[in-house]
Structures are given as structure tokens and as C-alpha cells.
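Colleague: Here it is: the structure, laid out below.
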Amino acid sequence: MIDTSHHPADMGAGEDGPAKEYLAFTLGREEYGIDILRVQELRGYEPVTRIANAPDFIKGVVNLRGTIIPIVDLRIKFRLGEPTYDQFTVVVVLNIAGRVMGIVVDSVSDVTTLTPEQVKPAPEMGTSFDSDYLIGLGTLKERMLILVDIDKLMSSQEMGLIEKIAA
Amino acid sequence: MTIDMSQFYQVFFDEADELLAEMEKLLLALDVSSPDSEDLNAIFRAAHSIKGGAATFGFTDITEVTHMLESLLDRIRKGEMALTGEHVDAFLVSKDILTMLMAGHHHASSVDQAAVDSVCERLRALSQGLVAGMPASGAPAVTGAAAEPVKPEPKPVADADGNFRFRIELPDVPQRDVDALAAELGLLGTISQETLADKRVAFTLVTSEGLDNIVAICSFVLDPDDLRITCDAVASVKSDPVMDNDLGYGLFEPLNSGAVPVQDPPAPAAAPSPVQAPATETKNYGRRATDKEGASQESSSIRVGIEKVDQLINLVGELVITQAMIEQRINSLDPIVHERLLNGVGQLTRNTRDLQEAVMSIRMMPMDYVFSRFPRMVRDLAGKLGKKVEFVTRGAATELDKGLIERIVDPLTHLVRNSVDHGIEMPDKRAASGKNETGKLTLSAAHQGGNIVIEVTDDGGGLDRDRILTKARQQGLSVSDSMPDNEVWQLIFAPGFSTAEVVTDVSGRGVGMDVVKRNIAAMGGTVEIRSMTGIGTTISISLPLTLAILDGMSIKVGEEVYILPLGYVIESLQPAASDVKDIAGEGQVIKIRGEYLPLIPLYQIFAIEPTYKDPSQGIVVILEADGKKAALMVDSLVGQQQVVVKNLESNFRKVAGISGATILGDGGVSLILDVSALLRSSRQLNMDALTF
């Protein structure tokens, strides 16, 4: 059932642990998954306050119950699909290392459980993401989830969300 | 005019108590065979902080013990010496000794000098590696003997006739006044005089007169507020043990009963006889009364966890937002129909404002509280080092959160010491390099948007780039010659980094900057260094005021609403087209009452599509920051309101030109403009001699 002829040992974060749960969402036509433990809540999209001179994928900041959080549109960042904002647009609020931030996605489908065997190493190319930020590809019957190392991605220099702390 | 340092003693004692408790906890948890270097560092830092504080207040005995403790710890920490059980014992004993010394200064209880000497001796012996020289049974014996007198036993102090015994500690006054007072007070009863460690004089007076009379007499000569009078209630010798237990909270074991003659000098500095530090030599005075005094002080204030106050302030912040929201909504109501509602809301507004002020005032204190500690320290330090230093403070009235004020003391102490020790050069060297012999050390504080910026500036030699790089290489840090200056300066914050050649009592261990950085980072602040060889160094601490509430003016550009802190706003006006002049390639200036001010079009800086591009159609707001003025061009003014400053950096990053954010009445977010940054960027030139 599961093709293990590839090198399972090469998997990005392929620890032989228990199954992990991933939140599946779509960006354009691709389906992605992130570690459910990083997700704080899901919200609808509401108007943001623009940040001057910020890159276009940083939509701005919003008020999340008294806390100001940045909102990032991954569709713009990775040029996936048309960024439209309607009542179906979802903001996934993440909590990464104590920092709260929101990412805009096209839709959220479900939470899936993947065992380490179901996660295969990501190919060198073929996705819009730099493979550094990928954990691997999760296979689930007919579906394929691109598993994103959301910690690494959101705290990366490229996103510019977190200032590099001087050593 | 002398500064009354006693107002700060309590803070020092509280801090030192916490540090000592922490130190003991760490020591007890220490695994002797394989100590955790982080724990050793923490113990070391605790000792270092106590030393710093003690030196500030001139408690030389505490400084001495901690210095020795620190020397030994430093060697262990650096792996030059293996940690043994004996070390830990010695450290614990020194901790007890420090507690005793602290109590000596705090409650004027007695100090067993012999035990102090024996501990110093022991620490010295240990740090010289003479452990083997100690008799095997010696260590525990010392421990016992030294630890015992740490707890000062309350004594019966009144004599059988029912006289009171007062202990009067005078502030620093001329000898003439002391003599005059002694003569006057001598008329009331038997008086004896002693000199305290810090050269002040204390009387012990046995009299049947009341406290009021004594104060009245003293007030001829000095301010009664500067006096510390402790009074022992009448106590008969017979009821002694019971009383002792009661008043000592059962903690104190009455070792020697019987009244001690009042005339006894305090704890004579006995020759060191380490092994039998005799408990019988302990002299105790006035402990009981000070305990009482302490208790009454405590009842007039309560110690509340800072998180409770924070919660309160947050809630009030939310209340302010809600109130602003309600106020916005009712503006559309008919004032005649809803008169009573409007009155009620008006009252709510006033109450909210009062409440907010009251809550904020719980935490706010002027920086003077910190700054006024330093002149003395700088003076002493400069004297010790043979340097001439002029000490200047600016912005002492700047208010800062109490929690932050207390935590900024240690880092600032380190920085000021460093500046005097390493920064400012010796007078002859200064003269040789064409500078004034007297160095200038400036301590300043100012609010900048949601931050308070505290700067320690000296006009000394500046940091030595080459030496820092060399030292960094020696310590195995990865550095390169092409590193930019500010990265090089940051190296001095690495643990154990010091470029000083000699480890002195003042500084040079390289522990200071490490602690500074840690402490400030823990407060959510940043430290920046600007330095130029031969000109000086500025260390700038920026602390976020996450809880501050400020008066803001909301302005609109295009669709965006920004908040301008009202403190920077001078006026706003619509200029006549003829007052706006172009300067080729430099933008525009605007003529206001004969003065030409640079025009900052906000829409250009923030790349917004504005409603108006012509200043004579929009509104210009005249701003002033850091002594510079400029005209900010916006589309329109929206209104004035109080806003709760929220930190943008807690979940995001610093944004140029923005100092924070706030939540508006409608739940939306509005950004607060960083006026100083806007003005700086508009000028793009720094005339300030000390800006590097």
C-alpha cells in the first residue's frame, strides 16, 4: 500500500514517532498541511490595517482580542491562485514560539492524521515552496498534502516577520 | 544639599534578600561533582549584583565579602579550580554572613566581625587553593560558629527602673552638630556615642523621656525625617525569654540572657580567630524595636504581584477603549431626547479618566528615583580611580513604570561604572589628547513614542575595535575584521567578555555587560552602543512601554488613520499656497510665521495614495521632537483621543516610522507614528556631536 522504495530515512522531519495531526488547507489548486499544534484558531478575513512599505504579502495587522497580530497572505507570497477576499477566505491564526500571527489561505478542508510512513521526502522541486521549508509530502488515499514546516517558514528571514535578533 | 539615600535602602535590601535567597537555593541544588555552568554563572551574577548595589550605598563590608566570593566563583566558573564541597560550604557561610551584614545595615542589629573576618579568610584561602591547609574539622566548626550569630537575638534593653532605651542614628552631619546634640540629649539621661561603618554617628540614650522630646531636641539641629530613632519598650529582665520568643517570631534563640551594658561599643573588630568565632562576643542592640517599626511600615503598604497590577492596567486599558467606543456611538444621538444617557456617559468618561490615572500612577515613578543614586557612586568611583568626572543627568522627571525602574537599576549601575572605569580616561591622558581634564558622564532619559530611551554617554576614549576583536578571537568567538562597528560593539555583551587588563573591584570581569544585556532583554528592551575612538561612547537602552496610554491625535491620509502622540504636536494649520516653497531636489519647505520648516508628506513616506497632494489643500501638523521642528502633511484631522499603546513588536517586527499600534473604538487597529524617526529621516543629517 505504501511505497517505501524511496529513501524514508531522508525525510525532512521523518522521526519514527506516533502519527501526527495536520491541518489541511488549500492555496490555489494545491493542498497543504501544517502541524495542528501550531494552530491557535481559525477566523474569517476582516479588514486589516496596512503597514507602510511592507512587502505586499504582509497584508497588515489586525486586532485579535486586544493583541495586534500580523496577517500574511501565503497566496501572494507563493503566487498561488488569485488572492480574493470574500466570506469564504480563512485566516489561520498560528502561535509560533509565543508569537501570534495569521496566514490567509483559500480554504481549510480538515484535520488529517498521518503516520510517519505516510510522509515521503519532498522532491527537490515541483512546489512553490523552497524545499527547506517542507517536511515532506503526505499521501492520503487520492490526496497529496504538501507538509510545510510552518515554524521554519514563518520565522525565516524571507518572511521578514521577525526581526533578526542581534547576537 | 545631600541626597537622602535611605529612601533607596529598602529597595536594595529587598533585592539583596531575593538575590541571597536565590543564591542559597542554587548553592543547595548544586551538584558538586559536575556543576552546571549556567548555575555557577547565576550564582556569580547574584554575588556581582549585590556587590554593585552595596558599593552604590557605601556598604563596604558587604562589598568586601562579595568581592572575595566573586573572585573565587570566577575561578571556578572559568574552570581554573574544581568545585568541592568545601567551596559550597564556604559559599553558604558567606551567604549567611551577608545576610547578617545586611541586617546590620538594615535593622541596625549587631554584626559579628569575627565571623566576617573568618569567612573572608576562608574565602581567600580557598581562592588561593589552600584548601588542604584547613583542618578537616575546621570547616564545619566555622560553619556552625559563623552561622549561629547571624540571627541576632533580641535583648532586654531597658533597665530595671523602667527607662527607655533609644538608639538614634544621625544622618551625615558636621561633628560640631553631633557634639551639640550629644550635650543636649545628655541632659535627658545617659548617652553613649558610636560611629557607624559609613562614618555616621549613632547615639544610644537611656532616658525616661518620651520619643517626642528627643525628636524635638534633634530638630533644632537637623531634619527629623533624616533621623532613625529606634526605641526599646520597657521590658523587665524577668519576662525576657518569653518576650524574646514572641517578638523574635520564635526564630531567635536567646543565647545570652541578661542585660548588656548600654555603654558597650558595638561588635569590636576582634582579631580573627576563625575556628571558634565565639558566639559570646555577639552584641545585640535595638533589634526588637526595629522589628516593630518594620512591621508598622509593612502595614501601610502592601506588596502585590506585578501581574495583578498588570492585569488591572490591561483591564483599564480595555475599559478606556470601550468608553471611547460608547462615546463615539452616542455622538449621533439627539441630545434632547437622550439627555440623561448623555449625562451618564459624560460622567463615565470622567470616571474612566480618573480611574485610569489612578491605576497608572500605581506604577509610574520618575527616573530621578534611579538617577539620584549615581552622583555619589560616580564621585566615589572617580575619586578611587583618580579621575575627574562631571556627572550630568537629563530627563530625571521622565516617568517610567515602577517594575521597570527597579529592574533598570542594576544594568545602569554596571553601565555607569563601566563608563567611569573604562570610558573616561585619566586626566593627564585627556589633557594630552586635547580634551578637558574633567570627563563628562551624562545620564539621560526620554520618552520616544512607545519607548523610553535611557542613555549613558561618556566623552572618554571610546571602544577599542582592535582590542575587542583580538579578545573575541582569544575567546574563540567567530569574528572577522570586516565586521561593521555595531556588530563589533555587540561582542562586549558576550558572557565573560572584558577588555580590561586588570580585574579590579570596580569592573573588568566582563560580567557586567552580560548581565546588562540579559536584564534588558528580559524587560523586552534593546541595548545599542555608539562609540567613536577618542570621542566617546553612548550606550542606549530602549525599553518598550507596553502598557502606556497616551494622548493622541488621529489623522487621516488616504484611507489610512494614524495616531500622532499629542506631546509632539505644536499646532496644525492649512498653509497658503504662497507659503510653500520648493527647494531643488530637496523637497519642500513651508514658511510659518517667518520660520522655514521642512515639509514631510506622509503619503510619500508611507506610499499611500492621498486625497490631496497639494499642501494648501490638506492640513499640515507642526511637530517638534529632539529640538527639531517639521511640518507633517496629512489629508485631514480626525480627532483627539486617549489610546492604549500596544507593542507591535511582540508579534511582528519594528516598522520604520511607527512606534506602536492601538485599537480604535471600532475594534480596528491604528498605527502610532514615531515622530522622532519621521523627523530624523526627513533631515537625514545628524549634527549631534555624539551621534556616530
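For the C-alpha cells, the naming scheme is as follows: chains receive sequential letters (A, B, ...) according to their order of presentation, residues are indexed from 1 within each chain, and ligands are indexed from 1 in presentation order.
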Write down, as a PyMOL selection string, each residue of chain A that has any atom within 12 Å of an atom of chain B, counting only C-alpha atoms.

Modeller: chain A and resi 46-55+58+60-72+93-102+154-155+157+159-167

Colleague: Residues of the last selection are to be written out with N, CA and C atoms, as a tab-separated table (two decimals), in the first residue's frame.

Modeller:
chain	number	residue	atom	x	y	z
A	46	GLU	N	-10.91	39.71	7.93
A	46	GLU	CA	-11.51	41.01	8.19
A	46	GLU	C	-10.52	42.08	7.77
A	47	PRO	N	-11.00	43.28	7.56
A	47	PRO	CA	-10.11	44.32	7.03
A	47	PRO	C	-8.90	44.52	7.93
A	48	VAL	N	-7.77	44.72	7.31
A	48	VAL	CA	-6.53	44.87	8.06
A	48	VAL	C	-6.09	46.33	8.00
A	49	THR	N	-5.18	46.65	8.90
A	49	THR	CA	-4.52	47.96	8.84
A	49	THR	C	-3.20	47.76	8.11
A	50	ARG	N	-3.07	48.47	7.02
A	50	ARG	CA	-1.91	48.29	6.17
A	50	ARG	C	-0.65	48.79	6.86
A	51	ILE	N	0.44	48.12	6.62
A	51	ILE	CA	1.73	48.56	7.13
A	51	ILE	C	2.49	49.20	5.98
A	52	ALA	N	2.92	50.43	6.21
A	52	ALA	CA	3.58	51.15	5.13
A	52	ALA	C	4.87	50.46	4.72
A	53	ASN	N	5.13	50.43	3.45
A	53	ASN	CA	6.38	49.94	2.89
A	53	ASN	C	6.67	48.48	3.22
A	54	ALA	N	5.66	47.74	3.63
A	54	ALA	CA	5.88	46.32	3.89
A	54	ALA	C	5.71	45.58	2.57
A	55	PRO	N	6.31	44.40	2.41
A	55	PRO	CA	6.10	43.63	1.20
A	55	PRO	C	4.61	43.33	1.00
A	58	ILE	N	2.58	40.81	3.15
A	58	ILE	CA	2.17	41.15	4.52
A	58	ILE	C	1.00	42.10	4.37
A	60	GLY	N	-1.03	43.29	6.60
A	60	GLY	CA	-1.14	44.33	7.61
A	60	GLY	C	-1.33	43.70	8.98
A	61	VAL	N	-1.93	44.47	9.87
A	61	VAL	CA	-2.14	43.95	11.22
A	61	VAL	C	-3.61	44.04	11.58
A	62	VAL	N	-4.06	43.13	12.43
A	62	VAL	CA	-5.43	43.20	12.94
A	62	VAL	C	-5.41	43.06	14.46
A	63	ASN	N	-6.56	43.36	15.02
A	63	ASN	CA	-6.72	43.26	16.46
A	63	ASN	C	-7.33	41.92	16.79
A	64	LEU	N	-6.57	41.09	17.46
A	64	LEU	CA	-7.11	39.81	17.89
A	64	LEU	C	-7.32	39.90	19.40
A	65	ARG	N	-8.51	40.26	19.80
A	65	ARG	CA	-8.86	40.40	21.22
A	65	ARG	C	-7.79	41.15	22.00
A	66	GLY	N	-7.45	42.32	21.51
A	66	GLY	CA	-6.53	43.17	22.26
A	66	GLY	C	-5.07	42.99	21.90
A	67	THR	N	-4.76	41.97	21.12
A	67	THR	CA	-3.38	41.78	20.69
A	67	THR	C	-3.28	42.14	19.22
A	68	ILE	N	-2.20	42.76	18.86
A	68	ILE	CA	-2.03	43.13	17.46
A	68	ILE	C	-1.23	42.04	16.77
A	69	ILE	N	-1.80	41.47	15.73
A	69	ILE	CA	-1.09	40.39	15.05
A	69	ILE	C	-0.95	40.69	13.56
A	70	PRO	N	0.15	40.27	12.97
A	70	PRO	CA	0.33	40.48	11.53
A	70	PRO	C	-0.42	39.42	10.73
A	71	ILE	N	-0.85	39.81	9.56
A	71	ILE	CA	-1.55	38.89	8.67
A	71	ILE	C	-0.74	38.75	7.38
A	72	VAL	N	-0.44	37.50	7.03
A	72	VAL	CA	0.36	37.23	5.85
A	72	VAL	C	-0.50	36.47	4.85
A	93	VAL	N	-4.87	31.33	12.41
A	93	VAL	CA	-4.05	32.02	13.40
A	93	VAL	C	-3.08	31.02	14.01
A	94	LEU	N	-1.81	31.34	13.88
A	94	LEU	CA	-0.76	30.43	14.34
A	94	LEU	C	-0.11	30.99	15.59
A	95	ASN	N	0.38	30.09	16.38
A	95	ASN	CA	1.18	30.51	17.53
A	95	ASN	C	2.53	29.83	17.40
A	96	ILE	N	3.51	30.61	17.03
A	96	ILE	CA	4.83	30.05	16.78
A	96	ILE	C	5.82	30.67	17.74
A	97	ALA	N	6.35	29.85	18.61
A	97	ALA	CA	7.31	30.30	19.62
A	97	ALA	C	6.79	31.52	20.36
A	98	GLY	N	5.53	31.46	20.76
A	98	GLY	CA	4.97	32.54	21.56
A	98	GLY	C	4.52	33.74	20.76
A	99	ARG	N	4.76	33.73	19.46
A	99	ARG	CA	4.32	34.85	18.64
A	99	ARG	C	3.07	34.43	17.88
A	100	VAL	N	2.12	35.33	17.86
A	100	VAL	CA	0.85	35.02	17.22
A	100	VAL	C	0.81	35.71	15.87
A	101	MET	N	0.41	34.99	14.84
A	101	MET	CA	0.31	35.61	13.51
A	101	MET	C	-0.75	34.87	12.71
A	102	GLY	N	-1.24	35.53	11.70
A	102	GLY	CA	-2.29	34.92	10.90
A	102	GLY	C	-1.84	34.71	9.47
A	154	MET	N	7.68	30.59	8.86
A	154	MET	CA	7.23	31.87	9.39
A	154	MET	C	8.35	32.63	10.08
A	155	SER	N	9.34	31.92	10.61
A	155	SER	CA	10.41	32.65	11.28
A	155	SER	C	11.58	32.88	10.34
A	157	GLN	N	13.96	34.45	7.44
A	157	GLN	CA	14.37	35.80	7.07
A	157	GLN	C	13.50	36.31	5.93
A	159	MET	N	10.45	35.83	5.19
A	159	MET	CA	9.14	36.36	5.53
A	159	MET	C	9.25	37.72	6.20
A	160	GLY	N	10.38	37.94	6.86
A	160	GLY	CA	10.59	39.25	7.48
A	160	GLY	C	9.59	39.57	8.55
A	161	LEU	N	9.02	38.54	9.18
A	161	LEU	CA	8.03	38.80	10.22
A	161	LEU	C	8.69	39.05	11.55
A	162	ILE	N	9.83	38.40	11.71
A	162	ILE	CA	10.51	38.51	13.00
A	162	ILE	C	11.86	39.14	12.73
A	163	GLU	N	12.15	40.15	13.49
A	163	GLU	CA	13.42	40.80	13.31
A	163	GLU	C	14.53	39.88	13.76
A	164	LYS	N	15.60	39.90	13.02
A	164	LYS	CA	16.75	39.09	13.43
A	164	LYS	C	17.30	39.70	14.72
A	165	ILE	N	17.42	38.86	15.69
A	165	ILE	CA	17.89	39.38	16.98
A	165	ILE	C	19.41	39.39	16.96
A	166	ALA	N	19.95	40.53	17.25
A	166	ALA	CA	21.41	40.67	17.25
A	166	ALA	C	22.02	39.71	18.26
A	167	ALA	N	23.09	39.08	17.85
A	167	ALA	CA	23.72	38.07	18.71
A	167	ALA	C	24.28	38.69	19.97

Colleague: From a DSSP pass on the backbone, collect the residues of chain A flagged as strand (DSSP E or B) and hand them back as a count of residues only.

Modeller: 72

Colleague: Expressed in Å to a single decimal, how great is the separation between CA of His87 in chain B and CA of Glu121 in chain B?

Modeller: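 Those two atoms sit 13.0 Å apart.
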